[in-house]
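Below is final-v1.txt, holding compact mmCIF, C-alpha atoms.
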```txt
# COMPACT_ATOMS: atom_id res chain seq x y z
CA MET A 1 -22.10 -19.12 12.24
CA VAL A 2 -21.79 -18.68 8.56
CA GLN A 3 -23.56 -21.35 6.59
CA TYR A 4 -21.69 -22.51 3.53
CA SER A 5 -23.61 -24.34 0.87
CA THR A 6 -21.93 -27.52 -0.33
CA ALA A 7 -22.21 -26.46 -3.95
CA ARG A 8 -20.48 -23.18 -3.17
CA LEU A 9 -17.65 -24.95 -1.31
CA ASP A 10 -17.20 -27.43 -4.16
CA ALA A 11 -16.94 -24.57 -6.64
CA SER A 12 -14.39 -22.83 -4.41
CA PHE A 13 -12.16 -25.86 -4.01
CA ALA A 14 -12.38 -26.71 -7.68
CA ALA A 15 -11.45 -23.15 -8.58
CA LEU A 16 -8.44 -23.11 -6.26
CA SER A 17 -7.18 -26.58 -7.17
CA ASP A 18 -5.42 -25.26 -10.25
CA ALA A 19 -2.02 -23.49 -10.08
CA THR A 20 -2.77 -21.13 -12.98
CA ARG A 21 -6.01 -20.02 -11.38
CA ARG A 22 -4.24 -19.37 -8.07
CA GLY A 23 -1.66 -17.35 -10.03
CA VAL A 24 -4.45 -15.37 -11.68
CA LEU A 25 -5.93 -14.53 -8.26
CA GLU A 26 -2.54 -13.42 -7.00
CA GLN A 27 -2.07 -11.26 -10.10
CA LEU A 28 -5.52 -9.67 -9.71
CA GLY A 29 -4.64 -8.96 -6.07
CA ARG A 30 -2.03 -6.57 -7.42
CA SER A 31 -4.10 -4.95 -10.13
CA ASP A 32 -7.09 -5.50 -12.35
CA ALA A 33 -6.28 -7.04 -15.72
CA SER A 34 -7.94 -7.86 -19.02
CA ILE A 35 -8.29 -11.46 -20.19
CA THR A 36 -5.73 -10.70 -22.92
CA GLU A 37 -3.20 -9.42 -20.37
CA LEU A 38 -3.75 -12.49 -18.21
CA ALA A 39 -3.39 -14.82 -21.21
CA ASP A 40 -0.07 -13.14 -22.11
CA LYS A 41 1.16 -13.22 -18.54
CA PHE A 42 0.49 -16.94 -18.18
CA HIS A 43 1.55 -17.82 -21.75
CA MET A 44 -1.86 -19.17 -22.60
CA THR A 45 -4.40 -18.88 -25.39
CA LEU A 46 -7.27 -16.45 -24.98
CA THR A 47 -9.73 -19.34 -24.98
CA GLY A 48 -7.80 -21.17 -22.26
CA MET A 49 -7.66 -18.09 -20.06
CA LYS A 50 -11.38 -17.41 -20.62
CA LYS A 51 -12.14 -20.87 -19.24
CA HIS A 52 -10.02 -20.32 -16.14
CA VAL A 53 -11.58 -16.92 -15.50
CA GLY A 54 -15.01 -18.46 -16.00
CA VAL A 55 -14.33 -21.04 -13.27
CA LEU A 56 -13.06 -18.33 -10.90
CA GLU A 57 -16.05 -16.15 -11.70
CA HIS A 58 -18.48 -19.00 -11.08
CA ALA A 59 -16.89 -19.57 -7.67
CA GLY A 60 -17.19 -15.88 -6.83
CA PHE A 61 -13.46 -15.20 -6.65
CA VAL A 62 -13.45 -12.95 -9.70
CA THR A 63 -15.86 -10.51 -11.29
CA THR A 64 -15.55 -9.37 -14.88
CA GLN A 65 -16.85 -6.35 -16.69
CA LYS A 66 -16.85 -5.73 -20.42
CA VAL A 67 -16.10 -2.21 -21.56
CA GLY A 68 -15.98 -1.91 -25.35
CA ARG A 69 -13.99 -4.89 -26.57
CA VAL A 70 -12.05 -5.41 -23.37
CA ARG A 71 -13.19 -7.65 -20.54
CA THR A 72 -11.57 -6.53 -17.29
CA CYS A 73 -11.18 -8.97 -14.42
CA ARG A 74 -10.91 -8.07 -10.77
CA LEU A 75 -11.06 -9.97 -7.52
CA GLY A 76 -14.56 -10.80 -6.35
CA LEU A 77 -15.93 -9.61 -3.05
CA ARG A 78 -14.41 -12.33 -0.93
CA LYS A 79 -11.48 -12.63 1.41
CA LEU A 80 -8.89 -11.78 -1.20
CA GLU A 81 -10.89 -8.75 -2.21
CA GLU A 82 -10.93 -7.50 1.36
CA GLU A 83 -7.17 -7.76 1.49
CA ALA A 84 -6.77 -6.09 -1.89
CA ALA A 85 -9.13 -3.34 -0.76
CA TRP A 86 -7.15 -2.81 2.43
CA ILE A 87 -3.94 -2.64 0.46
CA GLU A 88 -5.59 -0.15 -1.89
CA SER A 89 -6.69 2.02 1.03
CA TYR A 90 -3.16 1.81 2.45
CA ARG A 91 -1.82 2.83 -0.96
CA GLN A 92 -4.13 5.84 -0.87
CA VAL A 93 -2.70 6.85 2.53
CA TRP A 94 0.79 6.87 1.02
CA ALA A 95 -0.37 8.52 -2.20
CA ALA A 96 -1.88 11.39 -0.18
CA ARG A 97 1.32 11.74 1.86
CA PHE A 98 3.50 11.67 -1.21
CA ASP A 99 1.40 14.29 -2.98
CA ALA A 100 2.04 16.55 0.02
CA LEU A 101 5.73 15.59 -0.06
CA ASP A 102 5.90 16.70 -3.72
CA GLN A 103 5.06 20.20 -2.51
CA VAL A 104 7.80 20.09 0.17
CA VAL A 105 10.37 18.88 -2.38
CA GLU A 106 9.33 21.62 -4.81
CA ASP A 107 9.65 24.30 -2.11
CA LEU A 108 13.09 23.03 -1.04
CA ILE A 109 14.35 23.12 -4.61
CA ARG A 110 12.97 26.63 -5.13
CA ARG A 111 14.60 27.84 -1.90
CA GLU A 112 17.90 26.31 -2.96
CA LYS A 113 17.78 28.17 -6.28
CA ILE A 114 17.12 31.49 -4.52
CA ASP A 115 20.06 30.89 -2.16
CA GLU A 116 22.46 30.21 -5.01
CA MET E 1 -0.54 15.49 -12.34
CA SER E 2 1.28 13.67 -9.55
CA ASN E 3 3.40 10.57 -9.99
CA ARG E 4 1.81 7.21 -9.35
CA THR E 5 2.17 5.50 -5.98
CA THR E 6 2.23 1.73 -6.32
CA ILE E 7 1.97 -0.88 -3.61
CA GLU E 8 2.58 -4.59 -3.69
CA ARG E 9 2.40 -7.42 -1.19
CA LYS E 10 5.74 -8.78 -2.30
CA SER E 11 5.65 -11.89 -0.14
CA GLU E 12 3.89 -13.21 2.93
CA LEU E 13 6.05 -10.87 5.04
CA GLU E 14 6.57 -7.81 2.86
CA LEU E 15 4.71 -4.78 1.61
CA VAL E 16 6.49 -2.51 -0.87
CA VAL E 17 5.41 1.03 -1.79
CA THR E 18 7.15 2.88 -4.65
CA ARG E 19 6.96 6.45 -5.92
CA LEU E 20 9.00 8.77 -8.16
CA PHE E 21 9.76 12.32 -6.95
CA ASN E 22 10.73 15.31 -9.08
CA GLY E 23 13.88 16.19 -7.17
CA PRO E 24 17.26 14.70 -6.27
CA PRO E 25 17.63 12.17 -3.43
CA ARG E 26 19.36 14.62 -1.08
CA ILE E 27 16.26 16.87 -1.15
CA VAL E 28 13.77 14.01 -0.67
CA PHE E 29 15.97 12.53 2.07
CA GLU E 30 16.00 15.90 3.82
CA ALA E 31 12.19 15.94 3.82
CA TRP E 32 12.21 12.53 5.59
CA THR E 33 14.75 13.46 8.23
CA LYS E 34 13.84 16.97 9.45
CA PRO E 35 10.87 17.08 11.82
CA GLU E 36 9.79 20.54 10.64
CA LEU E 37 9.57 19.15 7.09
CA MET E 38 7.97 15.80 8.07
CA LYS E 39 5.19 17.78 9.73
CA LEU E 40 4.34 19.35 6.38
CA TRP E 41 3.51 16.08 4.63
CA TRP E 42 3.31 13.02 6.91
CA ALA E 43 -0.29 13.72 7.95
CA PRO E 44 -1.88 15.46 4.96
CA LYS E 45 -5.22 17.20 5.50
CA SER E 46 -7.07 14.46 3.62
CA SER E 47 -6.05 11.91 6.27
CA GLY E 48 -8.33 13.73 8.72
CA VAL E 49 -5.99 13.14 11.67
CA PRO E 50 -3.47 15.90 12.42
CA LEU E 51 0.09 15.27 13.54
CA LEU E 52 0.32 16.61 17.10
CA SER E 53 4.03 16.27 17.59
CA CYS E 54 7.04 14.94 15.77
CA GLU E 55 10.37 14.20 17.43
CA MET E 56 13.14 12.59 15.45
CA ASP E 57 16.74 11.94 16.41
CA VAL E 58 17.92 10.74 13.02
CA ARG E 59 21.10 8.76 13.69
CA VAL E 60 21.76 5.06 14.21
CA GLY E 61 20.14 4.10 17.51
CA GLY E 62 18.29 7.44 17.73
CA GLN E 63 14.58 7.46 18.60
CA TYR E 64 11.56 8.95 16.90
CA ARG E 65 8.04 9.55 18.09
CA LEU E 66 5.08 10.75 16.03
CA ALA E 67 1.84 11.54 17.85
CA PHE E 68 -1.45 11.83 15.99
CA GLY E 69 -4.84 13.06 17.13
CA HIS E 70 -6.98 16.11 17.70
CA ASP E 71 -5.80 16.61 21.29
CA ALA E 72 -3.42 14.99 23.77
CA ALA E 73 -6.19 12.92 25.43
CA SER E 74 -7.24 11.14 22.24
CA SER E 75 -3.82 10.90 20.64
CA PHE E 76 -1.97 7.79 19.57
CA ALA E 77 1.72 7.50 18.89
CA PHE E 78 4.07 5.70 16.54
CA PHE E 79 7.58 5.31 17.82
CA GLY E 80 10.78 3.34 17.38
CA LYS E 81 14.42 3.78 16.59
CA TYR E 82 16.64 4.20 13.57
CA LEU E 83 18.72 1.15 12.65
CA GLU E 84 20.44 2.58 9.58
CA VAL E 85 20.95 6.18 8.46
CA GLU E 86 22.86 6.64 5.20
CA PRO E 87 22.25 10.07 3.69
CA PRO E 88 20.93 10.51 1.08
CA SER E 89 20.13 6.96 0.06
CA ARG E 90 18.84 4.80 2.90
CA LEU E 91 16.85 4.90 6.15
CA VAL E 92 15.83 1.91 8.28
CA TRP E 93 13.74 2.12 11.42
CA THR E 94 11.80 -0.10 13.78
CA ASN E 95 8.14 0.38 14.66
CA ASP E 96 7.93 -0.37 18.35
CA GLU E 97 4.29 0.48 19.07
CA SER E 98 3.47 -3.20 18.63
CA GLU E 99 5.42 -6.44 18.95
CA ASP E 100 4.19 -7.55 15.55
CA ALA E 101 5.03 -4.31 13.76
CA ALA E 102 7.24 -4.12 10.71
CA VAL E 103 10.78 -2.91 10.19
CA THR E 104 10.64 -0.12 7.60
CA THR E 105 13.39 0.44 5.02
CA VAL E 106 13.24 3.46 2.73
CA THR E 107 15.69 3.80 -0.16
CA PHE E 108 16.19 6.90 -2.29
CA GLU E 109 17.66 6.13 -5.69
CA GLU E 110 18.76 8.76 -8.20
CA LYS E 111 17.09 8.42 -11.63
CA ASP E 112 18.01 11.21 -14.08
CA GLY E 113 17.74 13.94 -11.48
CA GLN E 114 14.62 12.40 -9.98
CA THR E 115 14.31 10.12 -6.97
CA LEU E 116 12.85 6.65 -7.03
CA LEU E 117 11.64 6.04 -3.49
CA VAL E 118 11.03 2.47 -2.34
CA LEU E 119 9.43 1.93 1.06
CA HIS E 120 9.71 -1.64 2.23
CA GLU E 121 7.91 -3.00 5.29
CA LEU E 122 9.11 -6.34 6.60
CA TYR E 123 6.76 -8.00 9.09
CA PRO E 124 8.05 -10.58 11.59
CA SER E 125 5.57 -13.24 10.42
CA LYS E 126 2.81 -13.85 7.89
CA GLU E 127 0.36 -13.68 10.80
CA ALA E 128 1.68 -10.24 11.73
CA LEU E 129 1.04 -8.84 8.26
CA ASP E 130 -2.35 -10.55 8.04
CA GLU E 131 -3.10 -9.10 11.47
CA ALA E 132 -2.01 -5.63 10.37
CA ILE E 133 -4.40 -5.96 7.44
CA ALA E 134 -7.25 -7.34 9.53
CA GLY E 135 -6.57 -5.28 12.65
CA MET E 136 -6.37 -1.80 11.18
CA GLU E 137 -9.91 -1.32 12.43
CA ASP E 138 -8.65 -0.63 15.97
CA GLY E 139 -6.00 1.94 15.17
CA MET E 140 -7.33 3.72 12.14
CA PRO E 141 -11.10 3.91 11.92
CA GLU E 142 -10.89 6.41 9.07
CA GLN E 143 -9.14 3.87 6.94
CA PHE E 144 -11.88 1.38 7.52
CA GLU E 145 -14.48 3.93 6.58
CA GLN E 146 -12.56 4.35 3.37
CA LEU E 147 -12.44 0.60 2.97
CA ASP E 148 -16.18 0.33 3.53
CA ALA E 149 -16.77 3.00 0.92
CA LEU E 150 -14.46 1.23 -1.48
CA LEU E 151 -16.13 -2.14 -0.91
CA ALA E 152 -19.53 -0.55 -1.45
CA THR E 153 -18.33 0.91 -4.74
CA LEU E 154 -16.88 -2.42 -5.81
CA GLY E 155 -20.07 -4.18 -4.78
CA ALA E 156 -22.20 -1.76 -6.76
CA SER E 157 -20.14 -2.18 -9.91
CA ALA E 158 -19.79 -5.96 -9.62
```
Please express what this file holds, its structure, as structure tokens.
Amino acid sequence: MVQYSTARLDASFAALSDATRRGVLEQLGRSDASITELADKFHMTLTGMKKHVGVLEHAGFVTTQKVGRVRTCRLGLRKLEEEAAWIESYRQVWAARFDALDQVVEDLIRREKIDE
Amino acid sequence: MSNRTTIERKSELELVVTRLFNGPPRIVFEAWTKPELMKLWWAPKSSGVPLLSCEMDVRVGGQYRLAFGHDAASSFAFFGKYLEVEPPSRLVWTNDESEDAAVTTVTFEEKDGQTLLVLHELYPSKEALDEAIAGMEDGMPEQFEQLDALLATLGASA
């Protein structure tokens, strides 16, 4: 059995009790985003969004990384991250197929031009 | 530089994959509906699992069967039937290898001589899609190795 600490559970429930924060998680499930992008998306001030991200980060739902002047947020290594990671690996399956399909399309077009 | 493949869990029941191709819909549609062409791209080398056979009867009610694996003994198959066939813009098929599998709709839309391809998977229930996400481990070990590698990378950079 997994042991959950009470403090950790409290932080999780508090983090998820807010609609904006749930929206932020959903958004990050689709792609990483900077705090500025998230603030724009949710029509919020930078300071307000920083607070929300801070709560999510504290609960372990989100990790952030600062590169230059931009702080990028992504889902933390929890359930949502596993799903996002699966979806990313599924995307890679399709991306690999489609790269091969590009070649087929190119060959078909070339053949058509020769036949003309 | 290839075009970007995007994917989105559109709702509790739907996954949507989109991609732009540098050719008109009739060409891209042809590559999806001729077995000898499907074989060239459906199982790219990087997937690690070759396509053993590919049978497709592309008409409404027609069946398809794609078998993957290194030999017949260790192969696994995806099969189903076509529900809609509208050249060169739309294909819909069932995935009958599992009761909880999705119905797949692929649309090919002309965009200035290019093709915007949208692949839409509709699962019968939220549980079915969650299960597909959680249960990939059984059917596609390679994907989970990829996932492990990805998680390790994410963990290291977190």
Need the shell around stretch 112-128 of chain E: protein/DNA/RNA residues with any atom at most 7 Å away, counting all atoms listed in the file. Skip same-chain ones fewer than 2 positions apart. Format as a PDB file with C-alpha atoms, in the coordinates of the input?
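Result file around_6.pdb:
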```
ATOM      1  CA  GLU E  12       3.890 -13.210   2.930  1.00  0.00           C
ATOM      2  CA  LEU E  13       6.050 -10.870   5.040  1.00  0.00           C
ATOM      3  CA  GLU E  14       6.570  -7.810   2.860  1.00  0.00           C
ATOM      4  CA  LEU E  15       4.710  -4.780   1.610  1.00  0.00           C
ATOM      5  CA  VAL E  16       6.490  -2.510  -0.870  1.00  0.00           C
ATOM      6  CA  VAL E  17       5.410   1.030  -1.790  1.00  0.00           C
ATOM      7  CA  THR E  18       7.150   2.880  -4.650  1.00  0.00           C
ATOM      8  CA  ARG E  19       6.960   6.450  -5.920  1.00  0.00           C
ATOM      9  CA  LEU E  20       9.000   8.770  -8.160  1.00  0.00           C
ATOM     10  CA  PHE E  21       9.760  12.320  -6.950  1.00  0.00           C
ATOM     11  CA  ASN E  22      10.730  15.310  -9.080  1.00  0.00           C
ATOM     12  CA  GLY E  23      13.880  16.190  -7.170  1.00  0.00           C
ATOM     13  CA  PRO E  24      17.260  14.700  -6.270  1.00  0.00           C
ATOM     14  CA  PRO E  25      17.630  12.170  -3.430  1.00  0.00           C
ATOM     15  CA  ASP E 100       4.190  -7.550  15.550  1.00  0.00           C
ATOM     16  CA  ALA E 101       5.030  -4.310  13.760  1.00  0.00           C
ATOM     17  CA  ALA E 102       7.240  -4.120  10.710  1.00  0.00           C
ATOM     18  CA  VAL E 103      10.780  -2.910  10.190  1.00  0.00           C
ATOM     19  CA  THR E 104      10.640  -0.120   7.600  1.00  0.00           C
ATOM     20  CA  THR E 105      13.390   0.440   5.020  1.00  0.00           C
ATOM     21  CA  VAL E 106      13.240   3.460   2.730  1.00  0.00           C
ATOM     22  CA  THR E 107      15.690   3.800  -0.160  1.00  0.00           C
ATOM     23  CA  PHE E 108      16.190   6.900  -2.290  1.00  0.00           C
ATOM     24  CA  GLU E 109      17.660   6.130  -5.690  1.00  0.00           C
ATOM     25  CA  GLU E 110      18.760   8.760  -8.200  1.00  0.00           C
ATOM     26  CA  ASP E 130      -2.350 -10.550   8.040  1.00  0.00           C
ATOM     27  CA  GLU E 131      -3.100  -9.100  11.470  1.00  0.00           C
ATOM     28  CA  ALA E 132      -2.010  -5.630  10.370  1.00  0.00           C
TER      29      ALA E 132
END
```
(message) If we count all atoms listed in the file and set the cut-off at 10 Å, which residues sit around A:Gln65, ignoring sequence neighbours fewer than 2 positions away in its own chain? Please answer as a ChimeraX atom specification.
(response) /A:34,63,67-68,70-74 /E:157-158
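The space separating atom CA of E:Gly48 from atom CA of A:Arg91 comes to 16.0 Å.
Using all atoms listed in the file for every distance, the candidate list A:Val55, A:Ala33, A:Gln27, A:Gly48 yields A:Gln27 as the residue closest to chain E.
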Please, which residues in chain A fall within 7 Å of chain E when counting all atoms listed in the file, and what is the closest atom pair and distance in Å to one decimal for each, ordered by chain then residue number, as CSV?
```
residue,atom,partner,partner_atom,distance
A:Arg30,CA,E:Glu8,CA,6.3
A:Thr63,CA,E:Ala158,CA,6.2
A:Glu83,CA,E:Ile133,CA,6.8
A:Ala85,CA,E:Leu147,CA,6.4
A:Trp86,CA,E:Leu147,CA,6.3
A:Ser89,CA,E:Leu147,CA,6.2
A:Arg91,CA,E:Ile7,CA,5.9
A:Ala95,CA,E:Thr5,CA,5.5
A:Ala96,CA,E:Pro44,CA,6.6
A:Arg97,CA,E:Trp42,CA,5.6
A:Asp99,CA,E:Ser2,CA,6.6
A:Ala100,CA,E:Trp41,CA,4.9
A:Leu101,CA,E:Trp41,CA,5.2
A:Asp102,CA,E:Phe21,CA,6.7
A:Val105,CA,E:Val28,CA,6.2
A:Leu108,CA,E:Ile27,CA,6.9
```
